[in-house]
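Undergrad: Okay, handing you the structure first.
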Amino acid sequence: MTDQPPIAKKVYYSIGEVCELAGLKAHVLRYWENQFDVLKPTKNRAGNRVYRSRDVELVLLIRHLLYENRYTIEGANQKLLEMRRGGELKEGAKTKVASEFLSGIKRELEELRDVLTTPAGG
């Protein structure tokens with residue numbers, strides 16, 4: 001698992017925050033917007049992209065499909081389309097976020113355990 005911070009619930013996320021959460025570069029997110037019809041973050045009055053929680057969930061799901069399941073862009077698009085038709089898209093994205101969140105908590109607990117079990121004076 002990658003070292004990612006746990007996801008805090010917010011109404012809007014900047015592209016930088018989404019990049020940090022997903023472990024991606026901004027140009028990758030912008031490219032994905034062109035490749036995946038389901039990923040359409042809105043823009044604020046200043047013209048900056050603002051991602052909602054569901055957008056972040058989709059980014060994490062897309063990243064999972066591409067990087068962990070090794071789908072091509074076309075294959076991931078097809079999978080997302082199938083999930084949307086079957087009504088699984090929202091649930092699949094939420095499941096991926098929950099998994100990432102729990103992984104972050106587990107990682108933090110393991111780090112805390114390591115700190116607490118380190119012998120003093122050693």
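Order determines the names: the first chain of the structure tokens is A, the second B, and so forth; residues in each chain are numbered 1 upward, and ligands are numbered 1 upward as they are shown.
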With only C-alpha atoms as the counted atoms, please give the residues lying no more than 9 Å from range 47-51 of chain A, apart from itself and same-chain residues fewer than 4 positions off, as a PyMOL selection string.
TA: chain A and resi 11-15+18+40-43+55-56
Undergrad: Quick one: DSSP alpha helix (DSSP H) residues in range 7-39 of chain A, as an MDAnalysis selection string?
TA: chainID A and resid 15:22 26:35
Undergrad: Filtering to C-alpha atoms, could you give me those residues as a tab-separated table (two decimals), in the first residue's frame?
TA:
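So result-v9.tsv came out as:
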```tsv
chain	number	residue	atom	x	y	z
A	15	ILE	CA	-6.41	20.05	-7.30
A	16	GLY	CA	-3.31	20.09	-5.06
A	17	GLU	CA	-5.20	18.43	-2.21
A	18	VAL	CA	-6.59	15.77	-4.53
A	19	CYS	CA	-3.12	15.16	-5.93
A	20	GLU	CA	-1.77	14.67	-2.42
A	21	LEU	CA	-4.63	12.35	-1.42
A	22	ALA	CA	-4.33	10.24	-4.56
A	26	ALA	CA	-1.79	17.63	-11.35
A	27	HIS	CA	-1.18	17.00	-15.06
A	28	VAL	CA	-2.36	13.40	-14.59
A	29	LEU	CA	-5.65	14.59	-13.07
A	30	ARG	CA	-6.14	17.10	-15.87
A	31	TYR	CA	-5.45	14.36	-18.44
A	32	TRP	CA	-7.93	12.02	-16.74
A	33	GLU	CA	-10.61	14.72	-17.00
A	34	ASN	CA	-10.27	14.47	-20.78
A	35	GLN	CA	-10.24	10.68	-20.78
```
Undergrad: Please, what distance in Å, to one decimal, runs between CA of Leu80 in chain A and CA of Arg52 in chain A?
TA: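 Answer for the CA of Leu80 in chain A to CA of Arg52 in chain A separation: 18.3 Å.
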Undergrad: Could you tell me, as an MDAnalysis selection string, which residues of range 13-52 of chain A DSSP assigns to strand (DSSP E) when given the backbone?
TA: chainID A and resid 13:14 42:43 49:51
Undergrad: What separation in Å, quoted to one decimal, exists between CA of Gly75 in chain A and CA of Glu91 in chain A?
TA: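 CA of Glu91 in chain A lies 19.2 Å from CA of Gly75 in chain A.
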Undergrad: Pick out the closest residue to Glu88 in chain A from this set: A:Ser53, A:Asp114, A:Asp37, A:Leu61. Count only C-alpha atoms.
TA: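 Closest candidate: A:Leu61.
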Undergrad: Taking only C-alpha atoms into account, name the residue in A:Leu116, A:Leu89, A:Leu24, A:Leu109 that is nearest to Glu57 in chain A.
TA: A:Leu89
Undergrad: Could you work out how far CA of Leu81 in chain A lies from CA of Lys25 in chain A, giving the answer in Å with one decimal?
TA: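 Distance reported for this atom pair: 24.7 Å.
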